[in-house]
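This is structure09.cif. It holds mmCIF, C-alpha atoms.
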data_target
#
loop_
_atom_site.label_atom_id
_atom_site.label_comp_id
_atom_site.auth_asym_id
_atom_site.auth_seq_id
_atom_site.Cartn_x
_atom_site.Cartn_y
_atom_site.Cartn_z
CA MET A 1 0.00 0.00 0.00
CA HIS A 2 1.12 3.52 -0.75
CA ASN A 3 1.53 5.65 2.36
CA LYS A 4 3.25 8.70 0.96
CA ASN A 5 1.65 12.08 0.35
CA SER A 6 -0.80 11.68 3.25
CA CYS A 7 -0.61 15.43 3.94
CA ARG A 8 -2.05 16.46 0.58
CA PRO A 9 -5.84 17.10 0.52
CA GLU A 10 -7.61 13.89 -0.47
CA PHE A 11 -11.01 12.25 -0.64
CA THR A 12 -11.54 8.52 -0.33
CA ALA A 13 -13.58 5.81 -2.00
CA ARG A 14 -14.20 2.34 -0.60
CA TYR A 15 -14.87 -0.62 -2.89
CA PHE A 16 -15.67 -4.28 -2.91
CA ILE A 17 -13.41 -5.86 -5.52
CA GLU A 18 -13.02 -9.31 -7.01
CA SER A 19 -10.07 -9.98 -9.27
CA SER A 20 -8.17 -12.65 -11.15
CA VAL A 21 -4.89 -11.25 -9.79
CA PRO A 22 -3.83 -10.82 -6.14
CA THR A 23 -5.75 -8.07 -4.39
CA GLU A 24 -2.71 -5.86 -3.77
CA LYS A 25 -1.97 -5.83 -7.50
CA ALA A 26 -5.61 -5.23 -8.44
CA ALA A 27 -5.90 -2.34 -5.99
CA ASP A 28 -2.72 -0.78 -7.35
CA ILE A 29 -4.01 -1.14 -10.91
CA ILE A 30 -7.23 0.66 -9.95
CA ALA A 31 -5.36 3.45 -8.16
CA GLY A 32 -3.15 3.97 -11.16
CA GLU A 33 -5.89 3.74 -13.80
CA GLN A 34 -8.03 6.26 -11.93
CA SER A 35 -5.25 8.79 -11.44
CA SER A 36 -1.89 9.33 -13.11
CA GLY A 37 -1.05 5.82 -14.31
CA THR A 38 -2.00 3.48 -17.11
CA PHE A 39 -1.23 -0.12 -18.05
CA MET A 40 2.44 0.68 -18.72
CA SER A 41 5.06 3.16 -17.53
CA LEU A 42 5.19 6.40 -19.48
CA PRO A 43 7.96 9.01 -19.54
CA GLY A 44 5.62 11.76 -18.38
CA GLU A 45 4.71 9.98 -15.14
CA THR A 46 7.61 11.41 -13.19
CA ASP A 47 8.13 10.98 -9.46
CA ALA A 48 7.07 14.60 -8.96
CA LEU A 49 3.85 14.04 -10.91
CA LYS A 50 3.13 10.86 -8.96
CA SER A 51 3.63 12.73 -5.72
CA ARG A 52 1.05 15.31 -6.78
CA SER A 53 -1.47 13.19 -8.61
CA ARG A 54 -1.17 9.45 -8.03
CA ALA A 55 -3.98 7.89 -6.02
CA ARG A 56 -2.89 5.65 -3.16
CA VAL A 57 -4.29 2.47 -1.68
CA THR A 58 -4.86 3.16 2.01
CA ARG A 59 -6.54 -0.02 3.19
CA ILE A 60 -7.12 -3.62 2.14
CA ASP A 61 -9.46 -5.91 4.06
CA THR A 62 -9.16 -9.39 2.57
CA LEU A 63 -12.28 -11.51 2.08
CA PRO A 64 -12.51 -15.26 1.31
CA PRO A 65 -11.72 -16.02 -2.35
CA VAL A 66 -14.06 -17.83 -4.76
CA PHE A 67 -13.48 -20.27 -7.60
CA GLU A 68 -15.88 -18.77 -10.15
CA PRO A 69 -15.98 -15.12 -11.25
CA SER A 70 -19.01 -12.98 -10.51
CA LEU A 71 -18.66 -11.35 -13.94
CA ARG A 72 -17.01 -12.67 -17.07
CA SER A 73 -13.78 -11.09 -18.24
CA ALA A 74 -12.45 -11.78 -21.72
CA PHE A 75 -9.12 -10.45 -20.44
CA ALA A 76 -8.93 -13.23 -17.81
CA GLU A 77 -10.23 -15.83 -20.25
CA ARG A 78 -7.54 -14.95 -22.81
CA ARG A 79 -4.98 -15.65 -20.12
CA GLU A 80 -6.73 -18.95 -19.32
CA HIS A 81 -6.99 -18.05 -15.67
CA LYS A 82 -7.55 -21.23 -13.64
CA GLY A 83 -6.92 -20.05 -10.09
CA VAL A 84 -9.07 -18.47 -7.45
CA TYR A 85 -10.70 -15.07 -7.72
CA HIS A 86 -9.52 -12.82 -4.92
CA ARG A 87 -11.98 -10.70 -2.96
CA ALA A 88 -11.47 -7.75 -0.64
CA GLU A 89 -12.76 -4.40 0.45
CA ILE A 90 -10.26 -1.68 -0.38
CA GLU A 91 -9.98 2.04 0.20
CA ILE A 92 -8.29 4.43 -2.21
CA ALA A 93 -7.38 8.05 -1.50
CA PHE A 94 -7.51 10.46 -4.43
CA PRO A 95 -5.94 13.92 -4.52
CA ILE A 96 -8.64 16.58 -4.44
CA ALA A 97 -6.48 18.59 -6.83
CA ASN A 98 -7.10 15.92 -9.49
CA VAL A 99 -10.80 16.77 -9.54
CA GLY A 100 -11.86 20.03 -7.92
CA PRO A 101 -15.58 20.81 -7.48
CA ASN A 102 -16.57 19.03 -10.71
CA ILE A 103 -19.21 16.34 -10.20
CA SER A 104 -18.66 14.70 -13.60
CA THR A 105 -14.93 14.34 -12.98
CA LEU A 106 -15.54 13.14 -9.43
CA LEU A 107 -17.71 10.37 -10.84
CA ALA A 108 -15.23 9.57 -13.61
CA THR A 109 -12.63 9.21 -10.87
CA VAL A 110 -14.48 7.01 -8.38
CA ALA A 111 -16.76 5.18 -10.84
CA GLY A 112 -15.14 5.33 -14.27
CA ASN A 113 -13.07 2.81 -16.21
CA LEU A 114 -12.27 0.77 -13.12
CA PHE A 115 -15.53 -1.17 -13.68
CA GLU A 116 -14.14 -2.34 -17.03
CA LEU A 117 -10.61 -3.35 -16.04
CA GLY A 118 -9.77 -6.83 -17.32
CA GLU A 119 -8.37 -8.03 -14.02
CA ILE A 120 -11.61 -7.11 -12.25
CA THR A 121 -14.48 -9.64 -12.14
CA GLY A 122 -16.55 -7.79 -9.55
CA LEU A 123 -16.55 -4.23 -8.26
CA LYS A 124 -18.96 -2.12 -6.22
CA LEU A 125 -18.50 1.43 -4.98
CA LEU A 126 -19.39 1.07 -1.28
CA ASP A 127 -18.81 4.55 0.10
CA ILE A 128 -17.09 7.87 -0.42
CA ASP A 129 -15.86 10.40 2.09
CA MET A 130 -14.26 13.81 1.87
CA PRO A 131 -13.29 16.81 3.99
CA SER A 132 -16.05 19.33 4.65
CA THR A 133 -13.89 21.99 3.01
CA TYR A 134 -14.13 20.05 -0.25
CA ALA A 135 -17.80 19.06 0.08
CA SER A 136 -18.76 22.69 0.67
CA GLN A 137 -17.56 23.56 -2.84
CA PHE A 138 -20.55 21.63 -4.26
CA PRO A 139 -24.06 23.13 -4.12
CA GLY A 140 -25.63 20.68 -1.66
CA PRO A 141 -29.37 20.64 -0.85
CA LYS A 142 -30.92 24.10 -0.74
CA PHE A 143 -33.87 23.03 1.41
CA GLY A 144 -33.27 19.58 2.88
CA ILE A 145 -35.57 18.39 5.64
CA GLU A 146 -36.05 21.63 7.56
CA GLY A 147 -36.57 23.75 4.46
CA THR A 148 -39.07 21.26 3.03
CA ARG A 149 -41.02 21.24 6.29
CA ASN A 150 -41.11 25.03 6.33
CA LYS A 151 -42.26 25.15 2.70
CA ALA A 152 -45.05 22.65 3.34
CA GLY A 153 -46.05 23.71 6.84
CA ILE A 154 -45.66 20.14 8.11
CA HIS A 155 -43.82 19.73 11.41
CA GLY A 156 -43.37 17.02 13.99
CA ARG A 157 -44.61 14.11 11.89
CA PRO A 158 -43.90 12.34 8.60
CA PHE A 159 -45.24 13.63 5.30
CA ILE A 160 -48.11 11.38 4.26
CA GLY A 161 -48.37 11.36 0.51
CA THR A 162 -49.24 9.57 -2.68
CA ILE A 163 -48.59 9.36 -6.41
CA ILE A 164 -51.04 10.32 -9.13
CA LYS A 165 -52.61 7.07 -10.34
CA PRO A 166 -53.13 5.82 -13.00
CA SER A 167 -49.51 6.75 -13.63
CA ILE A 168 -50.20 7.82 -17.19
CA GLY A 169 -53.28 8.37 -19.32
CA LEU A 170 -55.13 10.99 -17.30
CA SER A 171 -55.91 14.28 -19.02
CA ALA A 172 -54.97 17.54 -17.33
CA ALA A 173 -58.57 17.97 -16.13
CA GLU A 174 -58.73 14.40 -14.81
CA THR A 175 -55.45 14.95 -12.98
CA ALA A 176 -56.88 18.06 -11.35
CA GLU A 177 -59.95 16.06 -10.26
CA MET A 178 -57.70 13.48 -8.61
CA VAL A 179 -55.70 16.21 -6.89
CA ASP A 180 -58.95 17.76 -5.64
CA ALA A 181 -59.99 14.47 -4.04
CA LEU A 182 -56.56 13.97 -2.45
CA CYS A 183 -56.40 17.50 -1.09
CA ALA A 184 -59.94 17.15 0.29
CA ALA A 185 -58.48 14.26 2.32
CA ASP A 186 -55.93 16.67 3.86
CA ILE A 187 -52.98 14.90 2.26
CA ASP A 188 -49.52 16.44 2.78
CA PHE A 189 -47.71 15.54 -0.43
CA ILE A 190 -48.59 14.48 -3.99
CA LYS A 191 -46.19 13.68 -6.80
CA ASP A 192 -46.36 13.06 -10.50
CA ASP A 193 -45.36 9.59 -11.58
CA GLU A 194 -41.89 9.31 -13.08
CA LEU A 195 -43.49 8.19 -16.35
CA LEU A 196 -45.36 11.46 -16.67
CA ALA A 197 -43.61 14.67 -17.71
CA ASP A 198 -44.85 16.35 -20.90
CA PRO A 199 -46.94 13.90 -22.96
CA PRO A 200 -49.02 15.13 -25.91
CA TYR A 201 -52.30 14.10 -24.26
CA ALA A 202 -51.55 16.08 -21.05
CA PRO A 203 -48.81 18.64 -21.69
CA PHE A 204 -46.89 19.92 -18.70
CA ASP A 205 -48.23 23.46 -18.95
CA GLU A 206 -51.84 22.27 -19.17
CA ARG A 207 -51.42 20.06 -16.09
CA LEU A 208 -49.78 22.86 -14.14
CA HIS A 209 -52.57 25.30 -15.00
CA ALA A 210 -55.23 22.72 -14.14
CA VAL A 211 -53.70 21.60 -10.84
CA MET A 212 -52.52 24.85 -9.26
CA PRO A 213 -55.97 26.43 -8.77
CA VAL A 214 -57.03 23.25 -6.96
CA LEU A 215 -53.99 23.38 -4.67
CA LYS A 216 -54.57 27.06 -3.92
CA ARG A 217 -58.21 26.51 -3.08
CA HIS A 218 -57.33 23.82 -0.58
CA ALA A 219 -54.44 25.89 0.77
CA ASP A 220 -56.94 28.57 1.74
CA ARG A 221 -58.92 25.93 3.65
CA LEU A 222 -55.97 24.16 5.24
CA GLY A 223 -53.79 27.14 6.03
CA ARG A 224 -50.92 25.42 4.19
CA MET A 225 -50.19 24.62 0.56
CA PRO A 226 -50.33 20.86 -0.14
CA MET A 227 -46.92 20.07 -1.58
CA TYR A 228 -47.10 18.82 -5.17
CA ALA A 229 -43.92 17.61 -6.87
CA PHE A 230 -44.36 18.43 -10.55
CA ASN A 231 -42.20 16.20 -12.76
CA ILE A 232 -40.07 18.69 -14.71
CA SER A 233 -37.64 16.09 -16.13
CA GLY A 234 -36.30 16.98 -19.57
CA SER A 235 -33.43 18.89 -21.12
CA ILE A 236 -31.74 21.50 -18.95
CA ASP A 237 -33.55 24.32 -20.76
CA GLU A 238 -36.88 22.53 -20.34
CA MET A 239 -36.28 21.92 -16.64
CA LEU A 240 -35.35 25.52 -15.96
CA ARG A 241 -38.41 26.78 -17.82
CA ARG A 242 -40.73 24.33 -16.08
CA HIS A 243 -39.24 25.15 -12.68
CA ASP A 244 -39.88 28.84 -13.30
CA ALA A 245 -43.44 28.09 -14.38
CA VAL A 246 -44.13 26.12 -11.20
CA LEU A 247 -42.60 28.88 -9.08
CA ALA A 248 -44.59 31.61 -10.84
CA ALA A 249 -47.81 29.61 -10.44
CA GLY A 250 -47.26 29.31 -6.69
CA GLY A 251 -46.10 25.68 -6.59
CA THR A 252 -43.79 24.45 -3.85
CA CYS A 253 -41.83 21.48 -5.26
CA VAL A 254 -40.35 20.04 -8.45
CA MET A 255 -39.38 16.46 -9.23
CA VAL A 256 -36.74 14.94 -11.49
CA SER A 257 -35.95 11.43 -12.67
CA ALA A 258 -32.52 11.90 -11.21
CA ASN A 259 -30.56 9.12 -12.95
CA TRP A 260 -31.70 10.13 -16.41
CA VAL A 261 -31.48 13.88 -15.96
CA GLY A 262 -27.98 13.19 -14.67
CA PHE A 263 -25.81 14.46 -11.85
CA ALA A 264 -24.57 17.50 -13.76
CA GLY A 265 -28.08 18.28 -14.97
CA VAL A 266 -29.47 18.24 -11.43
CA GLU A 267 -26.53 20.31 -10.20
CA HIS A 268 -27.35 22.95 -12.81
CA LEU A 269 -31.00 22.91 -11.78
CA ARG A 270 -30.02 23.19 -8.11
CA LYS A 271 -28.03 26.37 -8.76
CA HIS A 272 -31.15 27.87 -10.33
CA THR A 273 -33.91 26.50 -8.16
CA GLU A 274 -36.08 28.31 -5.65
CA LEU A 275 -38.02 25.11 -4.85
CA PRO A 276 -37.16 21.78 -3.21
CA ILE A 277 -35.97 19.10 -5.63
CA HIS A 278 -37.66 15.72 -5.23
CA GLY A 279 -35.26 13.08 -6.54
CA HIS A 280 -36.85 9.95 -8.01
CA ARG A 281 -34.30 7.18 -8.42
CA ASN A 282 -36.04 5.12 -11.15
CA GLY A 283 -33.45 2.93 -12.81
CA TRP A 284 -31.66 2.41 -9.52
CA GLY A 285 -31.74 -1.36 -9.92
CA ALA A 286 -29.35 -1.11 -12.86
CA PHE A 287 -26.79 0.46 -10.51
CA SER A 288 -27.36 -1.83 -7.55
CA ARG A 289 -29.15 -5.11 -8.06
CA HIS A 290 -26.07 -7.26 -8.64
CA PRO A 291 -24.27 -7.61 -5.29
CA HIS A 292 -20.85 -7.35 -6.92
CA LEU A 293 -21.39 -4.57 -9.44
CA GLY A 294 -22.36 -0.92 -9.35
CA PHE A 295 -23.05 1.36 -6.40
CA SER A 296 -24.16 0.99 -2.84
CA PHE A 297 -26.91 3.40 -1.84
CA ALA A 298 -24.61 4.89 0.83
CA ALA A 299 -22.30 6.20 -1.88
CA TYR A 300 -25.08 7.02 -4.33
CA GLN A 301 -27.01 9.27 -1.95
CA LYS A 302 -23.85 11.17 -1.00
CA ILE A 303 -23.31 12.14 -4.62
CA TRP A 304 -26.93 13.32 -4.90
CA ARG A 305 -26.48 15.28 -1.69
CA LEU A 306 -23.46 17.01 -3.16
CA VAL A 307 -25.34 18.13 -6.28
CA GLY A 308 -28.38 19.26 -4.31
CA VAL A 309 -31.48 17.04 -4.30
CA ASP A 310 -33.60 17.57 -1.18
CA HIS A 311 -35.60 14.32 -1.10
CA LEU A 312 -34.54 10.91 -2.41
CA HIS A 313 -36.50 7.70 -2.85
CA VAL A 314 -35.29 4.70 -0.83
CA ASN A 315 -37.94 2.10 -1.81
CA GLY A 316 -40.29 0.69 0.83
CA ILE A 317 -40.20 -2.14 3.34
CA ARG A 318 -42.32 -5.17 2.52
CA GLY A 319 -42.84 -3.56 -0.87
CA LYS A 320 -43.21 -4.83 -4.42
CA PHE A 321 -39.55 -4.67 -5.44
CA SER A 322 -36.62 -7.03 -4.99
CA GLU A 323 -34.74 -5.07 -2.32
CA SER A 324 -34.56 -6.42 1.24
CA ASP A 325 -36.07 -4.52 4.15
CA ASP A 326 -32.64 -4.23 5.80
CA SER A 327 -31.30 -2.57 2.67
CA VAL A 328 -34.20 -0.11 2.56
CA ILE A 329 -33.67 0.86 6.20
CA ALA A 330 -29.92 1.24 5.68
CA SER A 331 -30.60 3.51 2.70
CA ALA A 332 -32.89 5.75 4.72
CA ARG A 333 -30.40 5.93 7.57
CA SER A 334 -27.67 6.98 5.16
CA CYS A 335 -29.82 9.89 3.90
CA LEU A 336 -30.17 11.14 7.48
CA ALA A 337 -26.59 10.47 8.58
CA PRO A 338 -23.88 13.15 8.77
CA PHE A 339 -21.67 13.52 5.69
CA ALA A 340 -18.92 16.13 5.49
CA GLY A 341 -21.19 18.90 6.72
CA VAL A 342 -23.64 18.44 3.81
CA THR A 343 -27.34 18.89 4.62
CA PRO A 344 -29.15 15.55 5.10
CA LEU A 345 -31.79 14.35 2.65
CA MET A 346 -35.41 13.52 3.40
CA PRO A 347 -35.83 9.80 2.64
CA VAL A 348 -38.93 8.91 0.62
CA PHE A 349 -40.57 5.53 1.20
CA SER A 350 -42.82 4.20 -1.54
CA SER A 351 -43.78 0.93 -3.25
CA GLY A 352 -46.51 -1.20 -1.70
CA GLN A 353 -46.81 0.99 1.38
CA TRP A 354 -49.69 1.35 3.84
CA ALA A 355 -50.16 2.04 7.53
CA SER A 356 -48.61 -1.24 8.69
CA GLN A 357 -45.05 -0.19 7.89
CA ALA A 358 -45.09 2.83 10.22
CA PRO A 359 -44.09 0.99 13.44
CA ASP A 360 -41.16 -0.76 11.77
CA LEU A 361 -39.96 2.43 10.09
CA TYR A 362 -40.10 4.38 13.33
CA ALA A 363 -38.46 1.60 15.36
CA ASN A 364 -35.57 1.39 12.89
CA LEU A 365 -35.08 5.10 12.22
CA GLY A 366 -36.18 6.74 15.46
CA SER A 367 -37.24 9.67 13.31
CA THR A 368 -40.28 11.12 11.57
CA ASP A 369 -38.13 13.07 9.10
CA LEU A 370 -39.38 11.18 6.08
CA MET A 371 -42.06 10.93 3.42
CA HIS A 372 -44.31 7.87 3.50
CA LEU A 373 -46.05 7.56 0.14
CA ALA A 374 -48.85 5.08 -0.50
CA GLY A 375 -50.74 4.53 -3.72
CA GLY A 376 -53.13 1.64 -3.14
CA GLY A 377 -52.71 2.03 0.61
CA ILE A 378 -54.55 5.36 0.33
CA LEU A 379 -56.55 5.18 -2.89
CA GLY A 380 -57.63 1.59 -2.22
CA HIS A 381 -58.91 2.07 1.33
CA PRO A 382 -62.43 0.60 1.58
CA ASP A 383 -63.83 3.81 3.07
CA GLY A 384 -62.24 6.08 0.46
CA ILE A 385 -59.27 8.39 0.07
CA ALA A 386 -59.80 10.44 3.24
CA ALA A 387 -59.90 7.28 5.33
CA GLY A 388 -56.77 6.05 3.54
CA VAL A 389 -54.85 9.20 4.46
CA LEU A 390 -56.20 9.06 8.01
CA SER A 391 -55.18 5.42 8.39
CA MET A 392 -51.61 6.31 7.46
CA ARG A 393 -51.56 9.11 10.04
CA GLU A 394 -53.06 6.82 12.67
CA GLY A 395 -50.41 4.20 11.92
CA TRP A 396 -47.73 6.77 12.64
CA GLU A 397 -49.48 8.06 15.75
CA ALA A 398 -49.50 4.51 17.09
CA ALA A 399 -45.87 3.97 16.14
CA VAL A 400 -44.63 7.13 17.87
CA ALA A 401 -46.76 6.37 20.95
CA GLY A 402 -45.36 2.83 21.13
CA VAL A 403 -48.83 1.29 20.86
CA SER A 404 -49.48 -1.73 18.66
CA LEU A 405 -51.52 -1.10 15.52
CA GLU A 406 -54.10 -3.64 16.62
CA ALA A 407 -54.64 -1.94 19.97
CA PHE A 408 -54.72 1.54 18.43
CA ALA A 409 -57.14 0.40 15.75
CA LYS A 410 -59.79 -0.49 18.36
CA THR A 411 -60.58 3.20 18.71
CA HIS A 412 -59.52 4.33 15.22
CA PRO A 413 -61.85 2.96 12.51
CA ALA A 414 -59.80 4.10 9.50
CA LEU A 415 -56.78 2.13 10.72
CA GLN A 416 -59.00 -0.81 11.62
CA LYS A 417 -60.41 -0.98 8.10
CA ALA A 418 -56.89 -0.72 6.63
CA LEU A 419 -55.71 -3.66 8.75
CA ILE A 420 -58.65 -5.75 7.55
CA LYS A 421 -58.24 -4.74 3.90
CA PHE A 422 -54.47 -4.85 3.40
CA SER A 423 -53.08 -7.35 5.90
CA HIS A 424 -53.31 -10.24 3.45
CA THR A 425 -52.44 -8.43 0.22
#

Using the file provided, produce a representation of the structure as structure tokens.
Amino acid sequence: MHNKNSCRPEFTARYFIESSVPTEKAADIIAGEQSSGTFMSLPGETDALKSRSRARVTRIDTLPPVFEPSLRSAFAERREHKGVYHRAEIEIAFPIANVGPNISTLLATVAGNLFELGEITGLKLLDIDMPSTYASQFPGPKFGIEGTRNKAGIHGRPFIGTIIKPSIGLSAAETAEMVDALCAADIDFIKDDELLADPPYAPFDERLHAVMPVLKRHADRLGRMPMYAFNISGSIDEMLRRHDAVLAAGGTCVMVSANWVGFAGVEHLRKHTELPIHGHRNGWGAFSRHPHLGFSFAAYQKIWRLVGVDHLHVNGIRGKFSESDDSVIASARSCLAPFAGVTPLMPVFSSGQWASQAPDLYANLGSTDLMHLAGGGILGHPDGIAAGVLSMREGWEAAVAGVSLEAFAKTHPALQKALIKFSHT
């Protein structure tokens, strides 16, 4: 391991790696490939340049090897590799001066060509860390949890919310009718589906102009504006224009399909925005589903924190997707955890959610700084939307009070009906 240059400003990245060569060699190859080196010595890579710019391996924690690779490598196959595949968790320190406050280059450094190296048959970015002096050079969330609460007028409890359903196909007028019914139920938060942005049958501007009068009418009744996350995903110019339209109309939140808008695109939006940015992570499975490839959520959410989303989806426990409950809870905890002085994110739980998850979420997080979004769990309640929203609130009231849902439901009919309806779905 390289131990020189420890006084220069650095940030670190931690990885799981699997390789056809010994771990020490694989780690050194990665450090070189992602900084000043390449596959062979070059005249320009002087000792002075290495001292300034070469990444260094700072830690290797060896794991048991395996006899079959997680991922195929033509490079290893050409060499007719017949031995074991070495596994470890490693940490690499990169000079901050190599990157600066440039999110695209930061990603190219910690998650670039290293995934494609021939010696590597498995690699996952597990975590990143950096000095607060470096992190502060990125925009970071403008609102975060506290700013979102202030914008929505919701304090001391989770945001109870939902998604416009059907996800697509509703006209602007039909969307407004759905919003009217949801707001009449005193819901806290509504979002567009990620599939809906600016379709010909319900253009963005038409939906905005149909929905905002409904929100304002209910705001007068409630004394707070129900927060609606309008999906503004598109080109940078489109997002900036749509953000400005939402702001001018009196809206309080915008949403982006974060992975497909891109880190640099969201960063640009963040520097412009006057509204909280709701980050939808659709496509996340492509980054994470294989245990030995891609990103951990701990690293992923830190990058989104740097560029400035305020809320980020973390899936839902006992939901409809493949992710384990432990993974979902760990993701939410990472959003709330300290990171280099950067404002925490509000975790957003969705996917197959209803009142029953509240006790487990509260027991594991010890916090109500979250959004709990339910589609069917609200819209499918047997006594209607208002009872669905109320059942979610009652689930959280029971959770915070430390009372079982069954006991609480004896005096709370909306929760009782939810338990009967959804317990076996």

Do you have, as a Markdown table, the list of residues of segment 285-328 of chain A lying at most 9 Å from segment 143-167 of chain A, each with its nearest atom pair and that distance in Å to one decimal, counting all atoms listed in the file and ordered by chain then number?
| residue | atom | partner | partner_atom | distance |
| --- | --- | --- | --- | --- |
| A:Gly308 | CA | A:Gly144 | CA | 8.7 |
| A:Val309 | CA | A:Gly144 | CA | 7.8 |
| A:Asp310 | CA | A:Gly144 | CA | 4.5 |
| A:His311 | CA | A:Gly144 | CA | 7.0 |

Residues returned when the PyMOL selection byres ((chain A and resi 282) around 8) runs on this file, as a PyMOL selection string | chain A and resi 194+257-259+280-281+283-285

Option closest in space to Ile190 of chain A, from A:Asn231, A:Asn315, A:Ser136, A:Ser104 [counting only C-alpha atoms] |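 Distance minimum relative to Ile190 of chain A lands on A:Asn231.
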
Could you jot down the atom CA of Glu18 of chain A to atom CA of Phe339 of chain A separation for me, Å, one decimal place?
->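 Separating atom CA of Glu18 of chain A from atom CA of Phe339 of chain A is a distance of 27.5 Å.
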
Mind giving me the straight-line distance from atom CA of Leu222 of chain A to atom CA of Asp186 of chain A in Å, one decimal?
->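 Interatomic distance, atom CA of Leu222 of chain A to atom CA of Asp186 of chain A: 7.6 Å.
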
Option closest in space to Pro344 of chain A, from A:Lys320, A:His218, A:His424, A:Lys142 [counting only C-alpha atoms] |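 Closest to Pro344 of chain A, using only C-alpha atoms: A:Lys142.
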
With the file shown as input, list the residues that the PyMOL selection byres ((chain A and resi 246) around 12) selects, as a ChimeraX atom specification.
-> /A:204-212,227-232,239-245,247-255,273-276

Please define a box with edges along x, y and z of the file around all atoms of segment 79-96 of chain A given in the file, extend it by 8 Å on each side, and return its centre and edge lengths in Å to one decimal, as lines of an AutoDock Vina configuration file.
center_x = -8.9
center_y = -2.3
center_z = -9.8
size_x = 23.8
size_y = 53.8
size_z = 36.6

Taking the file as shown, find all residues satisfying the PyMOL selection byres ((chain A and resi 183) around 12) and write them as a PyMOL selection string.
-> chain A and resi 160-162+176-182+184-190+211-222+224-228+385-386+389

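In this structure, atom CA of Trp354 of chain A sits 4.5 Å away from atom CA of Gly377 of chain A.
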
Top pick for closest residue to Arg305 of chain A, considering A:Leu390, A:Ala286, A:Val266, A:Ile329 and counting all atoms listed in the file =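 Under the stated criterion, the closest residue is A:Val266.
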